Amino acid sequence: MFKILEKRELAENIVKMVIDAPLIAKKAQSGQFVVLRTHDKGERFPLTIADYDRDKGTVTIIFAQVGKSTEHLGTLNEGDGILDVVGPLGVASHFDPAIKKVAVIGGGLGCAIALPQAKTLHGMGVSVDMIAGFRTKDLVILEEEMKAASANLYIATDDGSYGIHGFVTKVLQDRMDEGVNYDLVVAIGPIPMMKFVSELTRPKGIKTLVSMNPVMIDGTGMCGGCRLTVGGKTKFACIDGPDFDGHEVDFDGAMRRLSMYDGMKERSEDCNLVKQAEGKK
């Protein structure tokens, strides 16, 4: 069991947990993830490592309660235990020490994944512009943490209720139009957002890293569930990523694969209702 040391709700249905996991914390690096199982009948599911503390032996995860497993994880409280936490998995992010100016872009919950990237770059002495996008003001998370990990923080909301009115691509375009020359852009969030950021940087030849998080099962490359097409070749997000060159990722193919799972949650809930009804007969 992995004990939950801290639990905090960052926004509606978005939860931060600090877990006692000294062996994972000892090896964890930005860009890596863990695979969790909350109970012996539960599914395995991945969550990116949002932070870690080697001295305290803790790992931080931030997740949205959007499916059966994350909803169950969200019911656990401080002092409770998580059955399995496996990691760190995936290839840690690698940044060229020669880079000087970087834009780190997070979309929604992707900001929790982008934050450790920004912290790593900021710690290397790189000038970081962090661009964070949310649907509305009530969903803004980690503002102070992102501010501390960047030279400039730009928050954009789709509805204009906070910060800049518009998408993260607008902020990035405005910065480039102002003459800012980025050596690297890191984009993490919904697939359409990462696709449009990559298309924006392509004409300027700006190296762009995206973090792909398709459906995973075992997290070791054996199941093939997280396969992607990158540069015309099949890659597996769990062992080859999750970071990939955004100019080479087949985003449309990735979106088609994800759409295969549309409605799975509703069908699972319907099956549970049927089982409950049958049990009452």
# chains A, B, ... in the order shown; residues from 1 in each chain; ligands from 1
call {"tool": "select_by_dssp", "arguments": {"residues": "range 48-166 of chain A", "states": "strand (DSSP E)", "output": "VMD selection string"}}
result
chain A and resid 48 to 53 58 to 64 81 to 82 84 to 89 101 to 107 127 to 134 152 to 157 164 to 165
call {"tool": "write_last_selection", "arguments": {"atoms": "N, CA and C atoms", "output": "compact mmCIF listing (two decimals), in the first residue's frame"}}
result
# COMPACT_ATOMS: atom_id res chain seq x y z
N THR A 48 0.74 11.15 -14.87
CA THR A 48 2.06 11.77 -14.93
C THR A 48 2.49 12.25 -13.54
N ILE A 49 3.77 12.13 -13.27
CA ILE A 49 4.33 12.62 -12.01
C ILE A 49 4.37 14.14 -12.08
N ALA A 50 3.55 14.78 -11.25
CA ALA A 50 3.47 16.24 -11.25
C ALA A 50 4.59 16.87 -10.45
N ASP A 51 5.10 16.13 -9.46
CA ASP A 51 6.21 16.64 -8.65
C ASP A 51 6.76 15.47 -7.83
N TYR A 52 7.93 15.68 -7.27
CA TYR A 52 8.53 14.65 -6.41
C TYR A 52 9.49 15.34 -5.45
N ASP A 53 9.70 14.69 -4.31
CA ASP A 53 10.62 15.21 -3.30
C ASP A 53 11.49 14.04 -2.84
N THR A 58 8.44 11.50 -1.46
CA THR A 58 7.05 11.64 -1.90
C THR A 58 6.95 11.90 -3.40
N VAL A 59 5.83 11.50 -3.94
CA VAL A 59 5.49 11.74 -5.34
C VAL A 59 4.12 12.41 -5.37
N THR A 60 3.98 13.42 -6.21
CA THR A 60 2.71 14.14 -6.34
C THR A 60 2.03 13.81 -7.65
N ILE A 61 0.73 13.54 -7.58
CA ILE A 61 -0.08 13.33 -8.78
C ILE A 61 -1.23 14.32 -8.77
N ILE A 62 -1.65 14.75 -9.95
CA ILE A 62 -2.80 15.64 -10.09
C ILE A 62 -3.68 15.03 -11.18
N PHE A 63 -4.94 14.86 -10.88
CA PHE A 63 -5.82 14.16 -11.82
C PHE A 63 -7.22 14.74 -11.82
N ALA A 64 -7.91 14.54 -12.92
CA ALA A 64 -9.32 14.91 -13.04
C ALA A 64 -10.16 13.66 -12.83
N GLY A 81 -4.72 4.22 1.65
CA GLY A 81 -3.64 3.68 0.84
C GLY A 81 -4.09 3.35 -0.58
N ILE A 82 -3.17 3.48 -1.52
CA ILE A 82 -3.39 3.06 -2.91
C ILE A 82 -2.69 1.72 -3.07
N ASP A 84 -1.49 -0.19 -5.65
CA ASP A 84 -0.29 -0.27 -6.50
C ASP A 84 0.06 1.10 -7.06
N VAL A 85 1.33 1.45 -6.99
CA VAL A 85 1.87 2.60 -7.71
C VAL A 85 3.20 2.14 -8.30
N VAL A 86 3.24 1.99 -9.61
CA VAL A 86 4.43 1.45 -10.29
C VAL A 86 5.13 2.56 -11.07
N GLY A 87 6.43 2.67 -10.90
CA GLY A 87 7.15 3.68 -11.65
C GLY A 87 8.52 3.95 -11.03
N PRO A 88 9.22 4.96 -11.52
CA PRO A 88 8.80 5.83 -12.62
C PRO A 88 8.93 5.13 -13.99
N LEU A 89 7.98 5.41 -14.86
CA LEU A 89 7.95 4.81 -16.19
C LEU A 89 8.09 5.90 -17.25
N LYS A 101 15.85 30.20 -24.55
CA LYS A 101 14.49 30.74 -24.45
C LYS A 101 13.48 29.65 -24.84
N VAL A 102 12.52 29.40 -23.95
CA VAL A 102 11.56 28.32 -24.17
C VAL A 102 10.15 28.78 -23.81
N ALA A 103 9.19 28.30 -24.57
CA ALA A 103 7.78 28.47 -24.21
C ALA A 103 7.26 27.11 -23.77
N VAL A 104 6.73 27.06 -22.56
CA VAL A 104 6.10 25.84 -22.04
C VAL A 104 4.60 26.10 -22.00
N ILE A 105 3.85 25.30 -22.73
CA ILE A 105 2.42 25.55 -22.91
C ILE A 105 1.62 24.40 -22.31
N GLY A 106 0.68 24.74 -21.43
CA GLY A 106 -0.19 23.74 -20.83
C GLY A 106 -1.64 24.06 -21.13
N GLY A 107 -2.39 23.02 -21.42
CA GLY A 107 -3.82 23.20 -21.68
C GLY A 107 -4.63 22.46 -20.63
N SER A 127 15.32 30.87 -19.77
CA SER A 127 14.24 31.85 -19.66
C SER A 127 12.95 31.19 -20.16
N VAL A 128 12.00 30.99 -19.26
CA VAL A 128 10.78 30.25 -19.58
C VAL A 128 9.58 31.18 -19.64
N ASP A 129 8.90 31.18 -20.77
CA ASP A 129 7.57 31.78 -20.87
C ASP A 129 6.57 30.64 -20.70
N MET A 130 5.74 30.71 -19.67
CA MET A 130 4.74 29.67 -19.48
C MET A 130 3.39 30.21 -19.92
N ILE A 131 2.73 29.45 -20.80
CA ILE A 131 1.42 29.84 -21.32
C ILE A 131 0.43 28.76 -20.88
N ALA A 132 -0.56 29.17 -20.09
CA ALA A 132 -1.50 28.21 -19.53
C ALA A 132 -2.91 28.55 -20.00
N GLY A 133 -3.59 27.56 -20.55
CA GLY A 133 -4.93 27.79 -21.07
C GLY A 133 -5.98 27.00 -20.31
N PHE A 134 -7.12 27.65 -20.04
CA PHE A 134 -8.23 27.01 -19.34
C PHE A 134 -9.54 27.45 -19.99
N ASN A 152 7.97 34.54 -17.26
CA ASN A 152 6.70 35.19 -17.59
C ASN A 152 5.61 34.14 -17.62
N LEU A 153 4.48 34.43 -16.98
CA LEU A 153 3.32 33.54 -17.02
C LEU A 153 2.17 34.25 -17.71
N TYR A 154 1.62 33.58 -18.74
CA TYR A 154 0.47 34.11 -19.46
C TYR A 154 -0.68 33.12 -19.29
N ILE A 155 -1.77 33.57 -18.68
CA ILE A 155 -2.94 32.71 -18.52
C ILE A 155 -4.01 33.17 -19.50
N ALA A 156 -4.56 32.22 -20.23
CA ALA A 156 -5.61 32.52 -21.20
C ALA A 156 -6.85 31.68 -20.87
N THR A 157 -8.01 32.27 -21.03
CA THR A 157 -9.26 31.53 -20.84
C THR A 157 -10.10 31.64 -22.11
N ILE A 164 -5.94 36.47 -20.47
CA ILE A 164 -6.09 36.81 -21.89
C ILE A 164 -7.28 36.05 -22.47
N HIS A 165 -8.09 36.72 -23.25
CA HIS A 165 -9.25 36.08 -23.88
C HIS A 165 -8.80 35.36 -25.15
call {"tool": "residues_around", "arguments": {"residues": "Thr70 in chain A", "least_positions_apart": "3", "cutoff": "12 Å", "atoms": "only C-alpha atoms", "output": "JSON, numbers by chain"}}
result
{"A": [13, 14, 15, 16, 17, 36, 37, 38, 39, 42, 43, 44, 45, 46, 47, 61, 62, 63, 64, 65, 66, 67, 73, 74, 75, 76, 82, 265]}
call {"tool": "closest_residue", "arguments": {"among": "A:Val185, A:Ile4, A:Leu115, A:Ala237", "to": "Cys223 in chain A", "atoms": "only C-alpha atoms"}}
result
A:Ala237
call {"tool": "closest_residue", "arguments": {"among": "A:Gly253, A:Glu9, A:Ser93, A:Ser259", "to": "Gly232 in chain A", "atoms": "only C-alpha atoms"}}
result
A:Gly253
call {"tool": "residues_around", "arguments": {"residues": "Pro97 in chain A", "least_positions_apart": "6", "cutoff": "12 Å", "atoms": "only C-alpha atoms", "output": "number ranges by chain"}}
result
A: 120-126, 183-184
call {"tool": "write_last_selection", "arguments": {"atoms": "N, CA and C atoms", "output": "PDB file, in the first residue's frame"}}
result
ATOM      1  N   THR A 120      12.074  22.201 -14.392  1.00  0.00           N
ATOM      2  CA  THR A 120      13.380  21.681 -14.803  1.00  0.00           C
ATOM      3  C   THR A 120      14.134  22.708 -15.643  1.00  0.00           C
ATOM      4  N   LEU A 121      13.454  23.279 -16.624  1.00  0.00           N
ATOM      5  CA  LEU A 121      14.089  24.268 -17.499  1.00  0.00           C
ATOM      6  C   LEU A 121      14.477  25.524 -16.727  1.00  0.00           C
ATOM      7  N   HIS A 122      13.594  25.981 -15.869  1.00  0.00           N
ATOM      8  CA  HIS A 122      13.870  27.164 -15.049  1.00  0.00           C
ATOM      9  C   HIS A 122      15.096  26.930 -14.162  1.00  0.00           C
ATOM     10  N   GLY A 123      15.189  25.703 -13.639  1.00  0.00           N
ATOM     11  CA  GLY A 123      16.329  25.345 -12.800  1.00  0.00           C
ATOM     12  C   GLY A 123      17.638  25.272 -13.567  1.00  0.00           C
ATOM     13  N   MET A 124      17.544  25.079 -14.898  1.00  0.00           N
ATOM     14  CA  MET A 124      18.735  25.060 -15.741  1.00  0.00           C
ATOM     15  C   MET A 124      19.192  26.464 -16.110  1.00  0.00           C
ATOM     16  N   GLY A 125      18.420  27.470 -15.690  1.00  0.00           N
ATOM     17  CA  GLY A 125      18.763  28.845 -16.025  1.00  0.00           C
ATOM     18  C   GLY A 125      18.162  29.317 -17.336  1.00  0.00           C
ATOM     19  N   VAL A 126      17.240  28.523 -17.888  1.00  0.00           N
ATOM     20  CA  VAL A 126      16.583  28.888 -19.144  1.00  0.00           C
ATOM     21  C   VAL A 126      15.494  29.922 -18.862  1.00  0.00           C
ATOM     22  N   ASP A 183      13.863  28.893 -28.714  1.00  0.00           N
ATOM     23  CA  ASP A 183      14.695  27.762 -29.124  1.00  0.00           C
ATOM     24  C   ASP A 183      13.893  26.465 -29.075  1.00  0.00           C
ATOM     25  N   LEU A 184      12.852  26.451 -28.232  1.00  0.00           N
ATOM     26  CA  LEU A 184      12.068  25.236 -28.009  1.00  0.00           C
ATOM     27  C   LEU A 184      10.684  25.620 -27.519  1.00  0.00           C
TER      28      LEU A 184
END
call {"tool": "atom_distance", "arguments": {"atom1": "CA of His94 in chain A", "atom2": "CA of Thr201 in chain A"}}
result
19.6 Å
call {"tool": "atom_distance", "arguments": {"atom1": "CA of Asp174 in chain A", "atom2": "CA of Ala151 in chain A"}}
result
16.9 Å
call {"tool": "atom_distance", "arguments": {"atom1": "CA of Asp55 in chain A", "atom2": "CA of Lys7 in chain A"}}
result
19.5 Å
call {"tool": "residues_around", "arguments": {"residues": "Met193 in chain A", "least_positions_apart": "4", "cutoff": "9 Å", "atoms": "only C-alpha atoms", "output": "MDAnalysis selection string"}}
result
chainID A and resid 107 167:169 187:189 197:198
call {"tool": "write_last_selection", "arguments": {"atoms": "N, CA and C atoms", "output": "PDB file, in the first residue's frame"}}
result
ATOM      1  N   GLY A 107      -2.395  23.024 -21.424  1.00  0.00           N
ATOM      2  CA  GLY A 107      -3.821  23.196 -21.682  1.00  0.00           C
ATOM      3  C   GLY A 107      -4.633  22.464 -20.632  1.00  0.00           C
ATOM      4  N   PHE A 167      -7.248  31.345 -26.988  1.00  0.00           N
ATOM      5  CA  PHE A 167      -6.549  30.080 -26.816  1.00  0.00           C
ATOM      6  C   PHE A 167      -5.052  30.314 -26.617  1.00  0.00           C
ATOM      7  N   VAL A 168      -4.358  29.255 -26.186  1.00  0.00           N
ATOM      8  CA  VAL A 168      -2.908  29.368 -25.971  1.00  0.00           C
ATOM      9  C   VAL A 168      -2.179  29.656 -27.276  1.00  0.00           C
ATOM     10  N   THR A 169      -2.743  29.204 -28.391  1.00  0.00           N
ATOM     11  CA  THR A 169      -2.104  29.461 -29.683  1.00  0.00           C
ATOM     12  C   THR A 169      -2.081  30.958 -29.999  1.00  0.00           C
ATOM     13  N   ALA A 187       4.604  21.634 -25.517  1.00  0.00           N
ATOM     14  CA  ALA A 187       3.147  21.748 -25.463  1.00  0.00           C
ATOM     15  C   ALA A 187       2.556  20.481 -24.871  1.00  0.00           C
ATOM     16  N   ILE A 188       1.719  20.652 -23.840  1.00  0.00           N
ATOM     17  CA  ILE A 188       1.132  19.504 -23.151  1.00  0.00           C
ATOM     18  C   ILE A 188      -0.329  19.802 -22.854  1.00  0.00           C
ATOM     19  N   GLY A 189      -1.202  18.929 -23.322  1.00  0.00           N
ATOM     20  CA  GLY A 189      -2.628  19.133 -23.092  1.00  0.00           C
ATOM     21  C   GLY A 189      -3.443  18.308 -24.063  1.00  0.00           C
ATOM     22  N   VAL A 197      -0.533  23.887 -31.896  1.00  0.00           N
ATOM     23  CA  VAL A 197       0.735  24.509 -31.493  1.00  0.00           C
ATOM     24  C   VAL A 197       1.856  24.050 -32.427  1.00  0.00           C
ATOM     25  N   SER A 198       1.875  22.752 -32.726  1.00  0.00           N
ATOM     26  CA  SER A 198       2.919  22.207 -33.598  1.00  0.00           C
ATOM     27  C   SER A 198       2.835  22.790 -35.003  1.00  0.00           C
TER      28      SER A 198
END
